[in-house]
Every structure is written in C-alpha cells, then in structure tokens.
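Here the structure comes first, spelled out in structure tokens, and everything after it is commentary.
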Amino acid sequence: MIQGILVVSGIGLAAGVLLVIASKFMFVPVDETAEKVRACLPGANCGACGFAGCDGYADALAKRDGTVKPNLCTPGGEAAAKGICEVLGLPFEGVKAAKSMIRCSGDFDTSVYVMDYEGPKTCRACNAFYQGRRSCSYGCLGYGDCVEVCKFGALSIQNGLAVVNRDLCTGCGACAKVCPNHLFEMIPDSSAVWVGCASHDKGAFVRKVCKAGCIGCMKCQKTCEYGAITVTDGLAHIDPEKCTNCGACAEACPVHVIHKL
C-alpha cells in the first residue's frame with residue numbers, strides 16, 4: 001500500500017518537474033500593447049476588420065508598422081477606435097459607421113415558390129439544389145443562415161424573408177459573408193434609401209416571379225436630380241456618396257422596390 005502511494009507520488013513529482021521545465025522553454029512572451037488594444041475591442045470576432053478575430057487585429061495593430069488602420073472595428077465604433085488610438089499614440093480617425101441592408105423584398109406574399117424543398121434547412125444547402133426553392137434565383141431563401149451568424153441579434157426571418165434591425169446592426173458584415181445569394185450589402189449608416197432587389201432578370205420575367213422585384217424601368221434614374229441612381233443590366237443601384245435621402249426615387253418606383261426609412 002505504502003509502496004503504491006510512493007510510486008504515484010513519485011510520478012506526480014516527476015510530471016510536475018517536467019511541466020515546470022517545459023513552461024520555461026515553451027514560454028511565449030506576452031505583448032502588453034496587443035493586450036491593451038485587445039481590451040478596447042468588443043470581442044465579437046466577426047471579421048469585419050479583415051482579420052480572423054479580435055486577437056488577430058490587436059496583434060497586427062501592436063506591430064505599429066502603419067499598415068493596419070485603428071478604425072476598422074465597426075462593432076466597436078468610435079469608442080473602440082479612440083481607445084486604440086490612445087494606446088498606440090495615434091491621431092484619432094473616425095469610424096465609417098455602416099449598416100447591413102438586404103437586396104430582396106420577396107416574402108411569402110410577393111414571391112413565387114416552385115418546389116417543396118425537403119433537404120437540410122439551411123440557405124446554403126437549399127441554394128445548391130437548383131438554386132433554391134424560389135422561381136427567382138436571386139431571392140432570399142429564408143432559412144436564416146444570416147440569423148445564425150449574427151452575434152448582435154440584428155436579423156430575423158419574417159414571412160420568409162430576412163429582415164435587418166438597423167438599431168441592432170453593427171455593420172460587421174457576417175451576414176454578407178454567409179449568404180449564398182450575396183444579398184446583404186453594407187451601406188453608410190447615414191443612408192436611408194436602398195434598393196431591395198438583386199435580380200438582373202428582364203422586367204417581364206421579374207413580374208411573373210415576384211411582385212416586389214426591380215423591373216428596370218428606369219423611372220428612378222430619370223427622377224433622381226442628383227445622378228445617384230443608375231440602372232445597369234436591369235437593376236437599379238444607388239450611389240450613397242451622391243444620394244441625399246430625398247426619397248423621390250422611392251415615390252417614383254412603380255413596384256415599390258426602393259425603400260426609404
């Protein structure tokens with residue numbers, strides 16, 4: 001009995017010694033600057049900054065080589081950017097706040113479904129099966145892959161269509177990365193007008209498959225006196241740099257696919 005206890009104790013002691021030795025040889029110095037920068041970040045690990053997570057962004061900033069800007073964290077906003085600039089001793093640069101908007105308006109009431117999909121209930125899987133269950137191959141598939149990746153609760157599926165809560169959206173872009181139809185676009189927070197469609201089909205076909213799709217009639221382009229709207233390949237596009245949020249295009253749109261807050 002005593003011999004067994006001694007053997008186990010000896011093994012434990014030897015293991016402890018080995019761990020201490022290993023910790024000395026394998027010790028990785030902690031970058032205090034990176035830790036201070038990391039403390040300024042929200043910890044969303046959303047990738048909006050272009051790095052895999054907050055740690056990667058903090059490590060890159062800590063190098064102080066001038067290649068990475070301190071205002072790339074949209075979820076952290078100006079508070080995070082100011083904190084980072086203070087840590088690094090850099091002049092403050094404002095964050096260009098952005099919000100996500102979805103380029104689709106086709107819900108259960110306005111769009112047409114052409115099949116009963118029985119596979120995995122994800123947009124990615126559904127899209128791989130003949131481009132999804134909608135007759136419009138550009139439309140929202142409605143299974144909520146975007147909802148799953150949004151860490152801020154800004155997305156929901158309502159009546160078969162993804163809806164963005166702008167009050168909760170941080171502009172991280174996670175939804176844009178996961179959507180198989182690339183329906184989400186980051187627009188300036190100041191923008192209050194957007195086109196809720198991504199279809200490049202001809203107007204006659206769009207009318208058959210969705211009551212809320214852009215038909216490329218160009219009335220919006222002709223109405224806008226600021227040159228902010230262009231219709232290319234059958235689809236209207238708004239330049240946020242030129243748009244004044246007047247809403248004239250939304251009033252002129254015959255299918256009400258241009259939305260204004």
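Every chain in the structure tokens takes a letter, A first, then B, and so on in the order presented; its residues are numbered from 1, and the ligands are numbered from 1 following the presented order.
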Within 12 Å of region 118-121 of chain A, counting only C-alpha atoms, which residues show up once you throw out same-chain ones fewer than 3 positions away? Write them as a CSV table (one decimal) with all heavy atoms, in the first residue's frame, please.
chain,number,residue,atom,x,y,z
A,115,MET,N,-41.0,24.8,-55.7
A,115,MET,CA,-40.8,23.4,-55.2
A,115,MET,C,-40.9,23.3,-53.7
A,115,MET,O,-40.7,24.3,-53.0
A,115,MET,CB,-39.5,22.8,-55.7
A,115,MET,CG,-38.3,23.5,-55.1
A,115,MET,SD,-36.7,22.6,-55.6
A,115,MET,CE,-35.5,23.6,-54.8
A,124,ARG,N,-27.7,27.7,-47.6
A,124,ARG,CA,-26.6,27.1,-48.4
A,124,ARG,C,-26.9,25.8,-49.1
A,124,ARG,O,-26.7,25.6,-50.3
A,124,ARG,CB,-25.3,27.0,-47.6
A,124,ARG,CG,-24.1,26.6,-48.4
A,124,ARG,CD,-22.8,26.7,-47.5
A,124,ARG,NE,-22.6,28.0,-47.1
A,124,ARG,CZ,-22.0,29.0,-47.8
A,124,ARG,NH1,-21.6,28.7,-49.1
A,124,ARG,NH2,-21.8,30.2,-47.4
A,125,ALA,N,-27.5,24.9,-48.3
A,125,ALA,CA,-27.9,23.6,-48.8
A,125,ALA,C,-29.0,23.8,-49.9
A,125,ALA,O,-29.0,23.1,-50.9
A,125,ALA,CB,-28.4,22.7,-47.7
A,126,CYS,N,-30.0,24.6,-49.5
A,126,CYS,CA,-31.1,24.8,-50.5
A,126,CYS,C,-30.7,25.4,-51.8
A,126,CYS,O,-31.1,25.1,-52.9
A,126,CYS,CB,-32.2,25.7,-49.8
A,126,CYS,SG,-33.7,26.0,-50.8
A,127,ASN,N,-29.8,26.4,-51.7
A,127,ASN,CA,-29.3,27.0,-52.9
A,127,ASN,C,-28.5,26.1,-53.8
A,127,ASN,O,-28.5,26.3,-55.0
A,127,ASN,CB,-28.4,28.2,-52.5
A,127,ASN,CG,-27.9,29.1,-53.6
A,127,ASN,OD1,-28.8,29.7,-54.3
A,127,ASN,ND2,-26.6,29.1,-53.9
A,128,ALA,N,-27.9,25.1,-53.2
A,128,ALA,CA,-27.2,24.1,-54.0
A,128,ALA,C,-28.1,23.2,-54.8
A,128,ALA,O,-27.6,22.6,-55.8
A,128,ALA,CB,-26.3,23.3,-53.1
A,129,PHE,N,-29.4,23.2,-54.5
A,129,PHE,CA,-30.3,22.3,-55.2
A,129,PHE,C,-31.1,23.2,-56.2
A,129,PHE,O,-32.1,23.8,-55.9
A,129,PHE,CB,-31.3,21.7,-54.1
A,129,PHE,CG,-32.2,20.6,-54.7
A,129,PHE,CD1,-31.6,19.4,-55.0
A,129,PHE,CD2,-33.5,20.9,-54.9
A,129,PHE,CE1,-32.4,18.4,-55.5
A,129,PHE,CE2,-34.3,19.9,-55.5
A,129,PHE,CZ,-33.8,18.6,-55.7
A,132,GLY,N,-32.2,26.8,-55.3
A,132,GLY,CA,-33.2,27.1,-54.3
A,132,GLY,C,-34.6,26.9,-54.7
A,132,GLY,O,-34.9,26.5,-55.8
A,133,ARG,N,-35.5,27.1,-53.8
A,133,ARG,CA,-36.9,26.8,-54.0
A,133,ARG,C,-37.7,27.9,-54.6
A,133,ARG,O,-38.9,27.8,-55.0
A,133,ARG,CB,-37.6,26.5,-52.6
A,133,ARG,CG,-37.3,27.6,-51.6
A,133,ARG,CD,-37.9,27.2,-50.2
A,133,ARG,NE,-37.6,28.1,-49.2
A,133,ARG,CZ,-38.2,28.1,-48.0
A,133,ARG,NH1,-39.1,27.2,-47.7
A,133,ARG,NH2,-37.9,29.0,-47.1
A,141,LEU,N,-33.6,33.0,-49.5
A,141,LEU,CA,-34.1,31.6,-49.3
A,141,LEU,C,-34.8,31.3,-48.0
A,141,LEU,O,-35.5,30.3,-47.8
A,141,LEU,CB,-32.9,30.6,-49.5
A,141,LEU,CG,-32.3,30.6,-50.9
A,141,LEU,CD1,-30.9,30.0,-50.9
A,141,LEU,CD2,-33.2,30.0,-51.9
A,142,GLY,N,-34.6,32.3,-47.1
A,142,GLY,CA,-35.5,32.3,-45.9
A,142,GLY,C,-35.2,31.3,-44.8
A,142,GLY,O,-36.0,31.1,-43.9
A,143,TYR,N,-34.1,30.6,-44.8
A,143,TYR,CA,-33.8,29.6,-43.8
A,143,TYR,C,-32.9,30.2,-42.6
A,143,TYR,O,-32.7,29.5,-41.6
A,143,TYR,CB,-33.1,28.4,-44.4
A,143,TYR,CG,-34.0,27.5,-45.1
A,143,TYR,CD1,-33.9,27.2,-46.5
A,143,TYR,CD2,-35.1,26.8,-44.4
A,143,TYR,CE1,-34.8,26.4,-47.1
A,143,TYR,CE2,-36.0,26.0,-45.1
A,143,TYR,CZ,-35.8,25.8,-46.4
A,143,TYR,OH,-36.7,25.0,-47.1
A,144,GLY,N,-32.4,31.4,-42.8
A,144,GLY,CA,-31.8,32.0,-41.7
A,144,GLY,C,-30.4,31.7,-41.4
A,144,GLY,O,-29.9,31.8,-40.2
A,145,ASP,N,-29.6,31.4,-42.4
A,145,ASP,CA,-28.1,31.3,-42.2
A,145,ASP,C,-27.6,32.6,-41.6
A,145,ASP,O,-26.7,32.6,-40.8
A,145,ASP,CB,-27.4,30.9,-43.5
A,145,ASP,CG,-27.8,29.5,-44.0
A,145,ASP,OD1,-28.8,29.0,-43.6
A,145,ASP,OD2,-27.0,29.0,-44.8
Tell me which protein, DNA and RNA residues are within 9 Å of Ala44 (chain A), counting only C-alpha atoms, leaving out same-chain ones fewer than 4 positions away, and put them as a VMD selection string. chain A and resid 53 to 54 75 to 76 151 to 152 172
How about saving the chosen residues, N, CA, C and O atoms kept, as a CSV table (one decimal), in the first residue's frame?
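The file below, again.csv, is the result:
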chain,number,residue,atom,x,y,z
A,53,GLY,N,-10.2,37.4,-36.1
A,53,GLY,CA,-10.9,37.7,-34.9
A,53,GLY,C,-10.2,38.9,-34.2
A,53,GLY,O,-9.3,39.5,-34.8
A,54,CYS,N,-10.7,39.3,-33.0
A,54,CYS,CA,-10.1,40.5,-32.3
A,54,CYS,C,-8.7,40.3,-32.0
A,54,CYS,O,-7.9,41.3,-32.0
A,75,PRO,N,-18.2,47.1,-35.2
A,75,PRO,CA,-19.0,46.9,-34.0
A,75,PRO,C,-18.6,47.7,-32.8
A,75,PRO,O,-19.4,48.1,-32.0
A,76,GLY,N,-17.3,47.9,-32.6
A,76,GLY,CA,-16.8,48.7,-31.5
A,76,GLY,C,-17.0,50.2,-31.7
A,76,GLY,O,-17.1,51.0,-30.7
A,151,LYS,N,-24.2,38.0,-34.3
A,151,LYS,CA,-23.9,37.9,-32.9
A,151,LYS,C,-24.6,39.0,-32.1
A,151,LYS,O,-24.4,39.2,-30.9
A,152,PHE,N,-25.3,39.9,-32.8
A,152,PHE,CA,-25.9,41.0,-32.2
A,152,PHE,C,-27.5,41.0,-32.3
A,152,PHE,O,-28.1,42.0,-31.9
A,172,CYS,N,-21.0,44.6,-39.1
A,172,CYS,CA,-19.9,43.7,-39.1
A,172,CYS,C,-19.7,42.9,-40.4
A,172,CYS,O,-18.6,42.5,-40.7
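Minimum distance to Glu93 (chain A) across A:Asp109, A:Cys214, A:Lys36, A:Lys69 (counting only C-alpha atoms) occurs at A:Lys69.
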Determine, counting only C-alpha atoms, which protein, DNA and RNA residues have an atom within 8 Å of an atom of region 205-210 of chain A; residues of the same chain fewer than 5 positions away are not included. Present the result as a VMD selection string. chain A and resid 106 110 to 112 135 to 136 199 215
Set out as a Markdown table a contact list for region 48-167 of chain A and region 178-197 of chain A with a cut-off of 9 Å, giving each residue of region 48-167 of chain A that qualifies its closest atom pair and distance in Å to one decimal, counting only C-alpha atoms, ordered by chain and rising residue number.
| residue | atom | partner | partner_atom | distance |
| --- | --- | --- | --- | --- |
| A:Lys96 | CA | A:Pro188 | CA | 7.1 |
| A:Ala97 | CA | A:Asp189 | CA | 5.4 |
| A:Ala98 | CA | A:Pro188 | CA | 4.3 |
| A:Lys99 | CA | A:Asp189 | CA | 5.4 |
| A:Ser100 | CA | A:Met186 | CA | 4.6 |
| A:Met101 | CA | A:Glu185 | CA | 5.5 |
| A:Ile102 | CA | A:Phe184 | CA | 4.6 |
| A:Arg103 | CA | A:Gly196 | CA | 4.1 |
| A:Cys104 | CA | A:Cys197 | CA | 4.2 |
| A:Ser105 | CA | A:Gly196 | CA | 5.3 |
| A:Gly106 | CA | A:Cys197 | CA | 8.3 |
| A:Cys123 | CA | A:Pro180 | CA | 6.9 |
| A:Arg124 | CA | A:Pro180 | CA | 5.7 |
| A:Asn127 | CA | A:Pro180 | CA | 6.9 |
| A:Ala128 | CA | A:Pro180 | CA | 9.0 |
| A:Gln131 | CA | A:Asn181 | CA | 9.0 |
| A:Ser137 | CA | A:Asn181 | CA | 8.3 |
| A:Tyr138 | CA | A:Asn181 | CA | 6.2 |
| A:Gly139 | CA | A:Asn181 | CA | 7.2 |
| A:Cys140 | CA | A:Leu183 | CA | 7.3 |
| A:Leu141 | CA | A:Asn181 | CA | 8.5 |
| A:Asp145 | CA | A:Val178 | CA | 6.7 |
| A:Cys146 | CA | A:Val178 | CA | 6.3 |
| A:Val149 | CA | A:Val178 | CA | 7.7 |
| A:Arg166 | CA | A:Asp189 | CA | 8.8 |
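Proximity ranking of A:Cys73, A:Cys253, A:Leu41, A:Ala34 relative to Ala58 (chain A) places A:Ala34 first, based on only C-alpha atoms.
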In Å to one decimal, how far is CA of Val257 (chain A) from CA of Asp239 (chain A)? 16.1 Å
Among region 9-243 of chain A, which residues carry a DSSP assignment of strand (DSSP E or B), reported as a ChimeraX atom specification? /A:98-102,111,113,134,155-158,161-164,184-188,193-195,210,229-232,235-238
In Å, how far is it from CA of Asp59 (chain A) to CA of Asn45 (chain A)?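 Taking CA of Asp59 (chain A) as the start and CA of Asn45 (chain A) as the end point, the length is 13.5 Å.
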Surrounding residues of region 77-88 of chain A excluding itself and chain neighbours under 2 positions, 9 Å, only C-alpha atoms, as JSON, numbers by chain: {"A": [33, 36, 37, 38, 39, 40, 41, 42, 61, 62, 64, 70, 71, 72, 73, 74, 75, 90, 91, 92, 93, 94, 95, 96, 97, 170]}
Do you have the CA of Cys249 (chain A)-CA of Thr223 (chain A) distance handy?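 Result for CA of Cys249 (chain A) versus CA of Thr223 (chain A): 6.1 Å, one decimal.
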Skip Gly216 (chain A) itself and residues of its chain fewer than 2 positions away, then list as JSON, numbers by chain all residues within 12 Å of it, counting only C-alpha atoms. {"A": [195, 197, 198, 199, 200, 201, 202, 203, 204, 205, 206, 207, 213, 214, 218, 219, 220, 221, 222, 229, 230, 231, 232, 233, 234, 235, 236, 237, 253, 254, 255, 257, 258]}
